[in-house]
$ cat model_13.txt   # compact mmCIF, C-alpha atoms
# COMPACT_ATOMS: atom_id res chain seq x y z
CA MET A 1 103.25 92.60 141.47
CA PHE A 2 106.75 91.12 140.99
CA ASN A 3 105.30 87.67 140.33
CA PHE A 4 102.87 89.15 137.83
CA PHE A 5 105.72 90.96 136.07
CA MET A 6 107.78 87.79 135.88
CA HIS A 7 104.81 85.86 134.50
CA PHE A 8 104.10 88.60 131.95
CA SER A 9 107.73 88.68 130.85
CA ALA A 10 107.87 84.91 130.47
CA ARG A 11 104.62 84.88 128.50
CA GLY A 12 105.88 87.68 126.27
CA ALA A 13 109.17 85.90 125.64
CA ILE A 14 107.38 82.69 124.68
CA THR A 15 105.11 84.58 122.28
CA ALA A 16 108.09 86.40 120.77
CA LEU A 17 109.87 83.07 120.25
CA GLY A 18 106.79 81.63 118.57
CA ALA A 19 106.54 84.66 116.30
CA LEU A 20 110.22 84.48 115.36
CA LEU A 21 110.13 80.75 114.66
CA GLY A 22 106.88 81.18 112.73
CA PHE A 23 108.46 83.85 110.55
CA LEU A 24 111.60 81.77 109.92
CA LEU A 25 109.64 78.58 109.23
CA THR A 26 107.32 80.34 106.77
CA TYR A 27 110.22 82.08 105.06
CA TRP A 28 112.21 78.85 104.71
CA LEU A 29 109.28 76.85 103.37
CA LEU A 30 108.35 79.50 100.81
CA LYS A 31 111.97 80.09 99.82
CA SER A 32 112.94 76.44 99.38
CA HIS A 33 109.79 74.39 98.98
CA SER A 34 107.33 76.36 96.84
CA ASP A 35 107.57 74.05 93.82
CA PHE A 36 104.55 72.04 94.99
CA LEU A 37 102.26 75.07 94.76
CA PRO A 38 99.84 75.34 91.82
CA ARG A 39 100.46 78.00 89.17
CA ASP A 40 98.30 81.04 88.57
CA HIS A 41 96.32 81.28 85.34
CA GLY A 42 95.71 85.02 85.56
CA ARG A 43 92.37 86.73 86.02
CA GLU A 44 90.55 87.71 82.86
CA TYR A 45 88.77 90.78 84.19
CA ALA A 46 91.34 92.05 86.68
CA VAL A 47 93.55 95.02 85.90
CA ASN A 48 97.01 93.67 84.97
CA GLY A 49 95.69 90.18 85.70
CA LYS A 50 97.88 88.60 83.04
CA GLN A 51 101.02 89.61 84.95
CA SER A 52 100.29 86.88 87.49
CA ILE A 53 100.25 84.03 84.98
CA GLY A 54 102.71 81.28 85.92
CA LYS A 55 103.45 82.50 89.46
CA PRO A 56 103.08 80.02 92.31
CA ARG A 57 99.76 80.57 94.05
CA GLY A 58 98.12 79.05 97.09
CA ALA A 59 101.04 80.13 99.31
CA GLY A 60 98.47 80.73 102.01
CA ILE A 61 98.68 77.03 102.85
CA VAL A 62 102.21 77.63 104.12
CA PHE A 63 101.83 80.73 106.29
CA VAL A 64 98.41 79.68 107.63
CA LEU A 65 99.55 76.21 108.72
CA ALA A 66 102.80 77.64 110.13
CA ALA A 67 100.82 80.20 112.11
CA ALA A 68 98.35 77.61 113.40
CA ALA A 69 101.19 75.32 114.51
CA MET A 70 103.10 78.08 116.28
CA ILE A 71 99.95 79.36 117.98
CA LEU A 72 99.21 75.91 119.37
CA ILE A 73 102.82 75.38 120.47
CA PHE A 74 103.64 78.82 121.86
CA GLY A 75 100.24 80.43 122.47
CA MET A 76 97.67 80.03 125.21
CA VAL A 77 96.57 76.57 124.13
CA SER A 78 93.17 75.20 125.09
CA VAL A 79 90.48 73.01 123.60
CA GLU A 80 88.80 76.17 122.34
CA MET A 81 91.97 77.32 120.59
CA ILE A 82 92.53 73.88 119.06
CA LEU A 83 89.04 74.02 117.58
CA TYR A 84 89.64 77.50 116.19
CA MET A 85 92.90 76.44 114.55
CA ALA A 86 91.17 73.42 113.03
CA LEU A 87 88.50 75.71 111.57
CA LEU A 88 91.21 78.10 110.33
CA ALA A 89 92.89 75.17 108.56
CA ALA A 90 89.52 74.11 107.13
CA ILE A 91 88.75 77.50 105.58
CA MET A 92 92.31 77.66 104.25
CA LEU A 93 91.90 74.21 102.71
CA THR A 94 88.71 75.21 100.89
CA GLY A 95 90.68 78.01 99.29
CA TYR A 96 93.72 75.91 98.50
CA LEU A 97 91.72 73.17 96.81
CA ASP A 98 90.08 75.85 94.68
CA ASP A 99 93.52 77.34 93.89
CA ALA A 100 94.73 73.92 92.76
CA ALA A 101 91.60 73.03 90.78
CA LYS A 102 91.62 73.29 86.99
CA VAL A 103 88.04 74.58 87.11
CA SER A 104 87.02 77.06 89.81
CA TRP A 105 84.72 75.71 92.50
CA GLY A 106 82.29 78.57 91.92
CA GLU A 107 80.55 80.98 94.28
CA LEU A 108 77.80 78.63 95.46
CA ARG A 109 80.05 75.82 96.70
CA LYS A 110 82.44 78.19 98.49
CA GLY A 111 79.53 80.19 99.89
CA ILE A 112 77.99 77.05 101.41
CA LEU A 113 81.35 76.01 102.89
CA ASP A 114 81.79 79.51 104.33
CA LEU A 115 78.37 79.25 105.95
CA VAL A 116 79.13 75.83 107.47
CA ILE A 117 82.43 77.05 108.93
CA ALA A 118 80.84 80.27 110.16
CA VAL A 119 78.12 78.34 111.97
CA ALA A 120 80.64 75.92 113.50
CA THR A 121 82.85 78.77 114.67
CA THR A 122 79.89 80.59 116.19
CA VAL A 123 78.79 77.48 118.08
CA VAL A 124 82.29 77.02 119.51
CA PHE A 125 82.55 80.68 120.46
CA LEU A 126 79.17 80.80 122.19
CA TYR A 127 79.90 77.61 124.12
CA TYR A 128 83.10 79.01 125.58
CA ASN A 129 82.35 82.73 125.75
CA GLY A 130 78.64 83.50 125.80
CA SER A 131 76.98 86.41 124.00
CA ASP A 132 78.22 89.48 125.86
CA VAL A 133 79.80 92.28 123.80
CA THR A 134 81.97 95.20 124.85
CA GLU A 135 81.18 98.71 123.64
CA CYS A 136 84.57 99.71 122.30
CA PHE A 137 84.32 103.46 123.02
CA THR A 138 82.95 103.24 126.57
CA GLY A 139 84.20 99.84 127.71
CA GLY A 140 80.71 98.94 128.87
CA THR A 141 79.33 95.43 128.45
CA ALA A 142 76.00 94.54 126.89
CA HIS A 143 74.30 91.15 126.73
CA LEU A 144 72.85 90.20 123.36
CA PRO A 145 70.24 87.47 122.98
CA MET A 146 72.07 84.34 121.90
CA VAL A 147 70.11 83.97 118.65
CA LEU A 148 70.83 87.58 117.65
CA PHE A 149 74.50 87.20 118.54
CA ALA A 150 74.69 83.97 116.51
CA ILE A 151 73.18 85.64 113.43
CA LEU A 152 75.54 88.61 113.68
CA SER A 153 78.54 86.34 114.29
CA ILE A 154 77.79 84.19 111.24
CA LEU A 155 77.33 87.35 109.16
CA LEU A 156 80.61 88.80 110.46
CA ILE A 157 82.59 85.66 109.60
CA TRP A 158 81.02 85.30 106.15
CA VAL A 159 81.57 88.97 105.30
CA ALA A 160 85.15 89.02 106.61
CA ILE A 161 86.10 85.94 104.59
CA ASN A 162 84.64 87.28 101.36
CA VAL A 163 85.63 90.96 101.46
CA THR A 164 89.21 90.01 102.33
CA ASN A 165 89.21 87.47 99.51
CA CYS A 166 87.90 90.05 97.02
CA SER A 167 90.55 92.57 98.12
CA ASP A 168 93.36 90.22 97.14
CA GLY A 169 94.24 91.56 93.71
CA VAL A 170 97.29 93.80 94.11
CA ASP A 171 100.67 92.59 95.35
CA GLY A 172 100.83 93.11 99.10
CA LEU A 173 97.45 94.84 99.45
CA SER A 174 95.24 92.42 101.37
CA GLY A 175 98.15 91.21 103.51
CA THR A 176 99.14 94.74 104.50
CA LEU A 177 95.56 95.74 105.29
CA THR A 178 95.08 92.56 107.32
CA ILE A 179 98.14 93.35 109.43
CA ILE A 180 96.89 96.88 110.11
CA THR A 181 93.47 95.51 111.10
CA LEU A 182 95.00 92.91 113.43
CA LEU A 183 97.30 95.48 115.03
CA THR A 184 94.30 97.76 115.53
CA TYR A 185 92.59 94.99 117.45
CA TYR A 186 95.80 94.22 119.35
CA VAL A 187 95.99 97.79 120.67
CA ALA A 188 92.24 97.90 121.29
CA ASP A 189 92.52 94.72 123.34
CA GLN A 190 95.22 96.33 125.46
CA ILE A 191 92.96 99.32 126.08
CA LEU A 192 89.97 97.14 126.96
CA GLN A 193 92.15 94.63 128.85
CA LYS A 194 90.95 91.76 126.65
CA THR A 195 94.34 90.23 125.85
CA GLU A 196 93.46 86.53 125.72
CA PHE A 197 93.92 86.31 121.95
CA ASN A 198 96.90 88.65 121.60
CA ASP A 199 99.51 85.87 121.44
CA ALA A 200 97.73 84.42 118.42
CA ILE A 201 97.55 87.83 116.74
CA ILE A 202 101.31 88.43 117.04
CA ILE A 203 102.24 84.97 115.76
CA PHE A 204 99.82 85.17 112.83
CA ILE A 205 101.20 88.58 111.82
CA ALA A 206 104.78 87.26 111.95
CA CYS A 207 103.97 84.39 109.59
CA LEU A 208 102.06 86.71 107.27
CA LEU A 209 105.05 89.07 107.16
CA ALA A 210 107.25 86.23 105.96
CA TYR A 211 104.84 85.68 103.07
CA LEU A 212 104.77 89.40 102.26
CA TRP A 213 108.56 89.25 101.80
CA PHE A 214 107.86 87.27 98.62
CA ASN A 215 104.62 89.06 97.71
CA ALA A 216 106.03 92.60 97.66
CA GLY A 217 105.59 93.99 94.17
CA PRO A 218 106.59 92.69 91.74
CA SER A 219 105.57 89.52 93.55
CA LEU A 220 107.26 86.15 93.31
CA MET A 221 104.20 84.22 94.52
CA LEU A 222 100.55 84.68 95.45
CA MET A 223 98.61 83.63 98.56
CA GLY A 224 95.54 82.62 96.53
CA ASP A 225 92.19 81.91 98.15
CA ALA A 226 94.05 79.71 100.63
CA GLY A 227 95.54 82.82 102.18
CA SER A 228 92.93 85.51 101.63
CA ARG A 229 89.99 83.45 102.90
CA ALA A 230 91.98 82.33 105.96
CA MET A 231 93.01 85.92 106.69
CA GLY A 232 89.38 87.03 106.61
CA PHE A 233 88.42 84.21 108.95
CA PHE A 234 91.23 85.08 111.36
CA ILE A 235 90.17 88.75 111.38
CA ALA A 236 86.60 87.72 112.24
CA LEU A 237 87.87 85.38 114.95
CA THR A 238 90.00 88.20 116.37
CA ALA A 239 86.96 90.48 116.39
CA LEU A 240 84.91 87.92 118.29
CA LYS A 241 87.62 87.12 120.83
CA SER A 242 88.22 90.82 121.47
CA GLY A 243 84.69 91.10 122.77
CA SER A 244 84.15 94.06 120.43
CA PRO A 245 82.96 92.57 117.13
CA PHE A 246 81.38 95.86 116.00
CA LEU A 247 84.84 97.45 115.98
CA TYR A 248 85.38 95.41 112.79
CA LEU A 249 83.48 98.08 110.85
CA LEU A 250 86.25 100.60 111.57
CA ALA A 251 89.27 98.32 111.94
CA SER A 252 88.60 96.81 108.48
CA ILE A 253 86.85 99.69 106.74
CA VAL A 254 89.17 99.67 103.70
CA LEU A 255 88.83 95.91 103.23
CA ILE A 256 85.05 96.23 103.58
CA VAL A 257 84.76 99.02 101.01
CA ASP A 258 87.32 97.58 98.59
CA GLY A 259 86.06 94.00 98.56
CA GLY A 260 82.48 94.63 99.58
CA ALA A 261 81.68 97.01 96.72
CA GLY A 262 81.85 94.26 94.14
CA ILE A 263 79.89 91.80 96.29
CA ALA A 264 77.10 94.34 96.84
CA LYS A 265 77.10 95.33 93.17
CA VAL A 266 76.73 91.78 91.88
CA PHE A 267 74.28 90.68 94.58
CA LEU A 268 71.89 93.59 94.02
CA MET A 269 72.02 93.31 90.26
CA ARG A 270 71.55 89.53 90.27
CA HIS A 271 68.83 89.20 92.91
CA THR A 272 66.97 92.54 92.96
CA LYS A 273 67.81 94.01 89.53
CA ILE A 274 69.02 97.12 91.35
CA ARG A 275 72.02 98.52 89.52
CA ILE A 276 74.59 100.45 91.55
CA LEU A 277 78.20 101.49 90.95
CA GLN A 278 77.76 100.98 87.20
CA GLN A 279 80.52 103.47 86.48
CA THR A 280 82.81 101.96 89.13
CA THR A 281 85.18 99.10 88.45
CA THR A 282 85.17 96.67 91.34
CA PRO A 283 87.00 95.77 93.50
CA ILE A 284 87.86 99.41 94.19
CA HIS A 285 91.59 98.68 93.88
CA ASP A 286 90.94 97.96 90.19
CA HIS A 287 88.99 101.21 89.81
CA VAL A 288 91.78 103.42 91.14
CA ARG A 289 94.37 101.69 88.97
CA LYS A 290 92.26 101.76 85.84
CA ASN A 291 90.59 105.17 86.17
CA PHE A 292 92.92 107.18 88.43
CA GLY A 293 96.15 105.79 87.03
CA TRP A 294 97.48 104.69 90.42
CA SER A 295 100.38 102.27 90.32
CA ASN A 296 100.29 99.09 92.40
CA THR A 297 102.63 100.67 94.94
CA GLN A 298 100.48 103.81 95.17
CA THR A 299 97.36 101.69 95.63
CA VAL A 300 98.83 99.63 98.46
CA THR A 301 100.40 102.64 100.18
CA ARG A 302 97.36 104.91 99.94
CA PHE A 303 94.88 102.24 100.99
CA ALA A 304 97.14 101.41 103.93
CA ILE A 305 97.37 105.09 104.89
CA ILE A 306 93.58 105.44 104.83
CA GLN A 307 93.17 102.42 107.10
CA MET A 308 95.92 103.60 109.46
CA VAL A 309 94.29 107.03 109.79
CA VAL A 310 90.92 105.46 110.60
CA SER A 311 92.54 103.06 113.07
CA VAL A 312 94.60 105.73 114.83
CA VAL A 313 91.58 108.01 115.22
CA THR A 314 89.47 105.10 116.49
CA LEU A 315 92.10 104.04 119.02
CA GLY A 316 92.59 107.65 120.09
CA ILE A 317 88.89 107.95 120.90
CA MET A 318 88.99 104.65 122.79
CA MET A 319 91.88 105.86 124.96
CA HIS A 320 89.93 108.92 126.03
$ encode --input "model_13.txt" --output "structure tokens"
Amino acid sequence: MFNFFMHFSARGAITALGALLGFLLTYWLLKSHSDFLPRDHGREYAVNGKQSIGKPRGAGIVFVLAAAAMILIFGMVSVEMILYMALLAAIMLTGYLDDAAKVSWGELRKGILDLVIAVATTVVFLYYNGSDVTECFTGGTAHLPMVLFAILSILLIWVAINVTNCSDGVDGLSGTLTIITLLTYYVADQILQKTEFNDAIIIFIACLLAYLWFNAGPSLMLMGDAGSRAMGFFIALTALKSGSPFLYLLASIVLIVDGGAGIAKVFLMRHTKIRILQQTTTPIHDHVRKNFGWSNTQTVTRFAIIQMVVSVVTLGIMMH
């Protein structure tokens, strides 16, 4: 028991050091070396979109690469983790190149890249982990057929990337919700004793917090697709490594509803001619600001409260 405690303490200290250095590195780079970032052109249809014009965007390249580096240096490094960090950097790069482009890449190109990365991530995960899942409320384990697991995993990654990306429209919103989601999984992992990925979660959160220092409203810079797409990918990866991927539906419910409403609305109208949410501005964060008169601060705070309530109730049920 004493040896276990000493090992746990050493592991925790190393993770804490990685988180601290990740925060400081991200803060320093964004504070002193943000001139290379592209500038935002504003979003034509977003509420208050013109307020972002001229701000540095694509800051996700900084906190994502800092997090990946610290995870590989101070986390539980393995070939599997190296592959995950490479895929994280790849999805970040697809967003950053779009942030820096004069003409947007468009939905089709990014959708195809998302699919390729989702398939690659699923192959890596299945090779190292298999297709067992943990039922989050009972702790029981079920074996899914590999093909079914692969389909669900690809869908999870694609959805997480895109709903998180679509939720990035209010200073601090998507970053705050991502942190709550990751902390939900961190606690759930402790309950289910699936702590293999917890070092990575803590370090990623620390680097994201350094970015949020500059993104708190009124923001000085924006993460762009480089950050939001990478955050969605990391959430999906966390869900897979927890062994409880279905917990994503509760741990990210606000991100899913906020960003997913617009995706569902456009998809159904474009491909099935079914019209839904015609009286609702999407993403939902635009609806509440435009129609309810919520300020940016109220939107971030209230969305965060909703997610925290859902997460606390979910974790409470898991503990009993």
$ atom_distance --input "model_13.txt" --atom1 "CA of Phe303 (chain A)" --atom2 "CA of Val257 (chain A)"
10.6 Å
$ closest_atom_pairs --input "model_13.txt" --of "region 169-234 of chain A" --to "region 85-97 of chain A" --cutoff "9 Å" --atoms "only C-alpha atoms" --output "tab-separated table"
residue	atom	partner	partner_atom	distance
A:Gly224	CA	A:Tyr96	CA	7.2
A:Asp225	CA	A:Gly95	CA	4.3
A:Ala226	CA	A:Gly95	CA	4.0
A:Gly227	CA	A:Met92	CA	6.4
A:Ser228	CA	A:Gly95	CA	8.2
A:Arg229	CA	A:Met92	CA	6.4
A:Ala230	CA	A:Met92	CA	5.0
A:Met231	CA	A:Met92	CA	8.6
A:Phe233	CA	A:Leu88	CA	6.9
A:Phe234	CA	A:Leu88	CA	7.1
$ atom_distance --input "model_13.txt" --atom1 "CA of Leu182 (chain A)" --atom2 "CA of Ile201 (chain A)"
6.6 Å
$ residues_around --input "model_13.txt" --residues "Val123 (chain A)" --least-positions-apart "2" --cutoff "12 Å" --atoms "all atoms listed in the file" --output "PDB file with C-alpha atoms, in the frame of the given file"
ATOM      1  CA  GLU A  80      88.800  76.170 122.340  1.00  0.00           C
ATOM      2  CA  LEU A  83      89.040  74.020 117.580  1.00  0.00           C
ATOM      3  CA  TYR A  84      89.640  77.500 116.190  1.00  0.00           C
ATOM      4  CA  LEU A  87      88.500  75.710 111.570  1.00  0.00           C
ATOM      5  CA  VAL A 116      79.130  75.830 107.470  1.00  0.00           C
ATOM      6  CA  ILE A 117      82.430  77.050 108.930  1.00  0.00           C
ATOM      7  CA  ALA A 118      80.840  80.270 110.160  1.00  0.00           C
ATOM      8  CA  VAL A 119      78.120  78.340 111.970  1.00  0.00           C
ATOM      9  CA  ALA A 120      80.640  75.920 113.500  1.00  0.00           C
ATOM     10  CA  THR A 121      82.850  78.770 114.670  1.00  0.00           C
ATOM     11  CA  PHE A 125      82.550  80.680 120.460  1.00  0.00           C
ATOM     12  CA  LEU A 126      79.170  80.800 122.190  1.00  0.00           C
ATOM     13  CA  TYR A 127      79.900  77.610 124.120  1.00  0.00           C
ATOM     14  CA  TYR A 128      83.100  79.010 125.580  1.00  0.00           C
ATOM     15  CA  ASN A 129      82.350  82.730 125.750  1.00  0.00           C
ATOM     16  CA  GLY A 130      78.640  83.500 125.800  1.00  0.00           C
ATOM     17  CA  SER A 131      76.980  86.410 124.000  1.00  0.00           C
ATOM     18  CA  MET A 146      72.070  84.340 121.900  1.00  0.00           C
ATOM     19  CA  VAL A 147      70.110  83.970 118.650  1.00  0.00           C
ATOM     20  CA  PHE A 149      74.500  87.200 118.540  1.00  0.00           C
ATOM     21  CA  ALA A 150      74.690  83.970 116.510  1.00  0.00           C
ATOM     22  CA  ILE A 151      73.180  85.640 113.430  1.00  0.00           C
ATOM     23  CA  SER A 153      78.540  86.340 114.290  1.00  0.00           C
ATOM     24  CA  ILE A 154      77.790  84.190 111.240  1.00  0.00           C
TER      25      ILE A 154
END
$ residues_around --input "model_13.txt" --residues "Gln307 (chain A)" --least-positions-apart "5" --cutoff "9 Å" --atoms "all atoms listed in the file" --output "list in words"
Leu177, Ile180, Thr181, Leu250, Ala251, Ser252, Ile253, Val254, Leu255, Arg302 and Val312 of chain A
$ closest_residue --input "model_13.txt" --among "A:Gly169, A:Gly140, A:Gly243, A:Gly54" --to "Arg289 (chain A)" --atoms "only C-alpha atoms"
A:Gly169
$ closest_atom_pairs --input "model_13.txt" --of "region 191-254 of chain A" --to "region 31-39 of chain A" --cutoff "10 Å" --atoms "all atoms listed in the file" --output "tab-separated table"
residue	atom	partner	partner_atom	distance
A:Ala210	CA	A:Lys31	CA	9.9
A:Tyr211	CA	A:Lys31	CA	9.6
A:Trp213	CA	A:Lys31	CA	10.0
A:Phe214	CA	A:Lys31	CA	8.4
A:Met221	CA	A:Ser34	CA	8.8
A:Leu222	CA	A:Arg39	CA	9.2
A:Gly224	CA	A:Pro38	CA	9.7
$ atom_distance --input "model_13.txt" --atom1 "CA of Leu183 (chain A)" --atom2 "CA of Val124 (chain A)"
24.2 Å
$ closest_residue --input "model_13.txt" --among "A:Pro218, A:Ile82, A:Phe246, A:Ile317" --to "Ser295 (chain A)" --atoms "all atoms listed in the file"
A:Pro218
$ closest_residue --input "model_13.txt" --among "A:Val103, A:Ile112, A:Ile256, A:Ala261" --to "Val159 (chain A)" --atoms "only C-alpha atoms"
A:Ile256
$ closest_residue --input "model_13.txt" --among "A:Ala16, A:Ile53, A:Ile202, A:Leu173" --to "His41 (chain A)" --atoms "only C-alpha atoms"
A:Ile53
$ residues_near_point --input "model_13.txt" --point "(76.8, 91.4, 125.2)" --cutoff "7 Å" --atoms "all atoms listed in the file" --output "PyMOL selection string"
chain A and resi 131-134+141-144
$ write_last_selection --input "model_13.txt" --atoms "C-alpha atoms" --output "PDB file, keeping the file's coordinate frame"
ATOM      1  CA  SER A 131      76.980  86.410 124.000  1.00  0.00           C
ATOM      2  CA  ASP A 132      78.220  89.480 125.860  1.00  0.00           C
ATOM      3  CA  VAL A 133      79.800  92.280 123.800  1.00  0.00           C
ATOM      4  CA  THR A 134      81.970  95.200 124.850  1.00  0.00           C
ATOM      5  CA  THR A 141      79.330  95.430 128.450  1.00  0.00           C
ATOM      6  CA  ALA A 142      76.000  94.540 126.890  1.00  0.00           C
ATOM      7  CA  HIS A 143      74.300  91.150 126.730  1.00  0.00           C
ATOM      8  CA  LEU A 144      72.850  90.200 123.360  1.00  0.00           C
TER       9      LEU A 144
END
$ residues_near_point --input "model_13.txt" --point "(89.9, 102.2, 119.3)" --cutoff "12 Å" --atoms "only C-alpha atoms" --output "PyMOL selection string"
chain A and resi 134-139+181+183-192+242+244+246-251+308-320
$ closest_residue --input "model_13.txt" --among "A:Thr15, A:Val62, A:Gly172, A:Leu25" --to "Gly217 (chain A)" --atoms "all atoms listed in the file"
A:Gly172
$ closest_residue --input "model_13.txt" --among "A:Asn165, A:Thr122, A:Thr195, A:Thr299" --to "Leu152 (chain A)" --atoms "all atoms listed in the file"
A:Thr122
